[in-house]
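Written out below as structure tokens is the structure these notes cover.
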Number of protein chains: 2
Amino acid sequence: MPEKVNLAEKFSRFTDHWSPKLVGELNDFHVKLVKLKGEFVWHHHAEEDELFLVVRGRLLIKLRDQEIWLREGEFVIIPHGVEHLPVAPEEAHVLLVEPQTTLNTGNVHSERTIEHLERL
Amino acid sequence: MPEKVNLAEKFSRFTDHWSPKLVGELNDFHVKLVKLKGEFVWHHHAEEDELFLVVRGRLLIKLRDQEIWLREGEFVIIPHGVEHLPVAPEEAHVLLVEPQTTLNTGNVHSERTIEHLERL
């Protein structure tokens, strides 16, 4: 039975940063919500394109040769293979759409890697 | 080179209803924007799950045994095989995420079927 998802309500259920929560599955894709604050790690995804939609706040996505600022109601798709570094000067609320196989840190395994996603 | 998409700016570029515009591609998925007003046609998608996120206004998605009202900041994923009828009492602005193979009218071919998507 399909159930609707209210983004604000889902975001109110967690406070941790850089830990994506699963909120939807469609075919082999996942929809995730994540709160970002500070700087992440440079990484890329070997196979997976990744959509970042800013729901609240602002987000800087650094590429090796470009900087992309996203504000509320803006998204960007980072193609697979493209190195990127998300930076949130203040807390940002972000919706992600990406293949199920996507690991948050991509090709980099570190203490920031989240192997198992919580479902909200 | 990744380019950001501002949803409001993209929605300002068209006025027609029930005609999804392509605004992003990630792996084998499409991101589309569509303006809805009135009632569509009952249909289902044989293979494709479909995400509806309301960006402005409100949207009723009728299922055969359930009605789902979506307001701004709410989404639902309609699994493949589930018959649905989108209804927008007033104009609604909706973001869609779905496999590239998704036809707007699913299993039903009618004068409302859009075979070739415009890219914004």
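Chains: A, B, ... in order of the structure tokens. Residues: from 1 per chain. Ligands: from 1, in order shown.
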Non-local contacts of stretch 73-81 of chain A (8 Å; only C-alpha atoms; under 4 positions in same chain excluded) as a PyMOL selection string | (chain A and resi 44-55) or (chain B and resi 2-8+24-26)
For the residues in the current selection, export C-alpha atoms as a PDB file, in the first residue's frame.
ATOM      1  CA  HIS A  44      33.226   9.625  -6.510  1.00  0.00           C
ATOM      2  CA  HIS A  45      30.829   6.827  -7.371  1.00  0.00           C
ATOM      3  CA  ALA A  46      32.076   4.326  -9.932  1.00  0.00           C
ATOM      4  CA  GLU A  47      28.682   3.553 -11.458  1.00  0.00           C
ATOM      5  CA  GLU A  48      26.060   5.687  -9.796  1.00  0.00           C
ATOM      6  CA  ASP A  49      24.778   9.119 -10.728  1.00  0.00           C
ATOM      7  CA  GLU A  50      23.586  11.043  -7.687  1.00  0.00           C
ATOM      8  CA  LEU A  51      20.890  13.710  -7.351  1.00  0.00           C
ATOM      9  CA  PHE A  52      21.110  16.315  -4.566  1.00  0.00           C
ATOM     10  CA  LEU A  53      17.974  18.419  -3.978  1.00  0.00           C
ATOM     11  CA  VAL A  54      18.204  21.069  -1.262  1.00  0.00           C
ATOM     12  CA  VAL A  55      15.048  21.149   0.871  1.00  0.00           C
TER      13      VAL A  55
ATOM     14  CA  PRO B   2      26.912  19.220 -14.098  1.00  0.00           C
ATOM     15  CA  GLU B   3      24.460  22.110 -14.121  1.00  0.00           C
ATOM     16  CA  LYS B   4      22.145  22.957 -11.307  1.00  0.00           C
ATOM     17  CA  VAL B   5      18.408  23.090 -11.843  1.00  0.00           C
ATOM     18  CA  ASN B   6      16.234  25.676 -10.129  1.00  0.00           C
ATOM     19  CA  LEU B   7      12.742  24.198  -9.946  1.00  0.00           C
ATOM     20  CA  ALA B   8      10.861  27.517  -9.899  1.00  0.00           C
ATOM     21  CA  GLY B  24      17.456  15.561 -15.441  1.00  0.00           C
ATOM     22  CA  GLU B  25      18.825  12.108 -16.173  1.00  0.00           C
ATOM     23  CA  LEU B  26      20.579   9.836 -13.729  1.00  0.00           C
TER      24      LEU B  26
END
Could you name the residues that touch B:Pro20 at 8 Å or less, counting only C-alpha atoms, but leaving out those on the same chain fewer than 6 positions away, as a list in words?
->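 Everything that qualifies: Lys32, Leu33, Val34, Lys35, Asn104, Leu117 and Glu118 of chain B.
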Preceding selection exported with N, CA and C atoms as a PDB file, in the first residue's frame:
ATOM      1  N   LYS B  32      11.491  14.686 -14.118  1.00  0.00           N
ATOM      2  CA  LYS B  32      10.618  15.473 -14.975  1.00  0.00           C
ATOM      3  C   LYS B  32       9.830  16.458 -14.122  1.00  0.00           C
ATOM      4  N   LEU B  33       9.434  17.563 -14.737  1.00  0.00           N
ATOM      5  CA  LEU B  33       8.521  18.502 -14.090  1.00  0.00           C
ATOM      6  C   LEU B  33       7.243  18.535 -14.897  1.00  0.00           C
ATOM      7  N   VAL B  34       6.131  18.634 -14.186  1.00  0.00           N
ATOM      8  CA  VAL B  34       4.852  18.668 -14.887  1.00  0.00           C
ATOM      9  C   VAL B  34       3.872  19.567 -14.121  1.00  0.00           C
ATOM     10  N   LYS B  35       3.069  20.300 -14.877  1.00  0.00           N
ATOM     11  CA  LYS B  35       1.960  21.058 -14.284  1.00  0.00           C
ATOM     12  C   LYS B  35       0.680  20.272 -14.512  1.00  0.00           C
ATOM     13  N   ASN B 104       3.747   8.604 -19.890  1.00  0.00           N
ATOM     14  CA  ASN B 104       2.869   9.287 -18.931  1.00  0.00           C
ATOM     15  C   ASN B 104       1.538   8.577 -18.711  1.00  0.00           C
ATOM     16  N   LEU B 117       9.357  13.567 -25.043  1.00  0.00           N
ATOM     17  CA  LEU B 117       9.445  14.592 -24.017  1.00  0.00           C
ATOM     18  C   LEU B 117      10.274  15.768 -24.495  1.00  0.00           C
ATOM     19  N   GLU B 118       9.801  16.951 -24.157  1.00  0.00           N
ATOM     20  CA  GLU B 118      10.620  18.142 -24.355  1.00  0.00           C
ATOM     21  C   GLU B 118      11.641  18.219 -23.223  1.00  0.00           C
TER      22      GLU B 118
END
Any chance you could list, as a ChimeraX atom specification, the residues in chain B that come up strand (DSSP E) when DSSP is run on the backbone?
-> /B:5-6,21-26,29-39,50-56,58-63,66-71,74-78,84-99,118-119
Hey, what does DSSP flag as helix (DSSP H, G or I) within chain B? Can you give it to me as a PyMOL selection string?
-> chain B and resi 7-11
With C-alpha atoms retained, could you export that selection as a JSON list (two decimals), in the first residue's frame?
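Written out: selection.json:
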[["chain", "number", "residue", "atom", "x", "y", "z"],
["B", 7, "LEU", "CA", 12.74, 24.20, -9.95],
["B", 8, "ALA", "CA", 10.86, 27.52, -9.90],
["B", 9, "GLU", "CA", 12.83, 28.79, -12.89],
["B", 10, "LYS", "CA", 12.10, 25.64, -14.87],
["B", 11, "PHE", "CA", 8.39, 25.74, -14.00]]
Between B:Ser19, B:Asn107, B:Asn27, B:Ser12, single out the one closest to chain A, counting only C-alpha atoms.
->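 Of the candidates, the smallest distance to chain A is held by B:Asn27.
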Pick the closest to B:Ile68 from B:Ile114, B:Val94, B:Leu22, B:Leu85: which is it, counting only C-alpha atoms?
-> B:Leu85
Between atom CA of B:His84 and atom CA of B:Gly57, what is the spacing in Å?
-> 19.0 Å
Could you check which of A:His43, A:Arg112, A:Arg13, A:Glu83 is closest to chain B, using only C-alpha atoms?
->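 Of all the options, A:Glu83 lies closest to chain B.
Take atom CA of B:Asp16 and atom CA of B:Leu36: the distance between them is 8.4 Å.
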Just the residues within 8 Å of B:Gln100, please, counting only C-alpha atoms, with nothing from its chain fewer than 6 positions along; format it as a ChimeraX atom specification.
-> /B:28-30
Restricting the output to N, CA and C atoms, write the selected residues as a tab-separated table (two decimals), in the first residue's frame.
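Output below, filename part_24.tsv:
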chain	number	residue	atom	x	y	z
B	28	ASP	N	19.57	5.17	-15.46
B	28	ASP	CA	18.44	4.92	-16.38
B	28	ASP	C	17.14	5.57	-15.90
B	29	PHE	N	17.28	6.60	-15.07
B	29	PHE	CA	16.09	7.29	-14.56
B	29	PHE	C	15.99	8.70	-15.12
B	30	HIS	N	14.77	9.19	-15.13
B	30	HIS	CA	14.50	10.57	-15.54
B	30	HIS	C	13.90	11.37	-14.40
Give the answer as one residue: which of B:Leu120, B:Leu70, B:Leu103, B:Leu95 has the shortest atom-to-atom distance to chain A, using only C-alpha atoms?
->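 Between B:Leu120, B:Leu70, B:Leu103, B:Leu95, the residue approaching chain A most closely is B:Leu70.
Rounded to one decimal, atom CA of B:Gly38 and atom CA of B:Arg56 lie 14.9 Å from each other.
Using only C-alpha atoms, the shortest contact distance between chain A and any of B:Val87, B:Val41, B:Ala92, B:Val97 is found at B:Val97.
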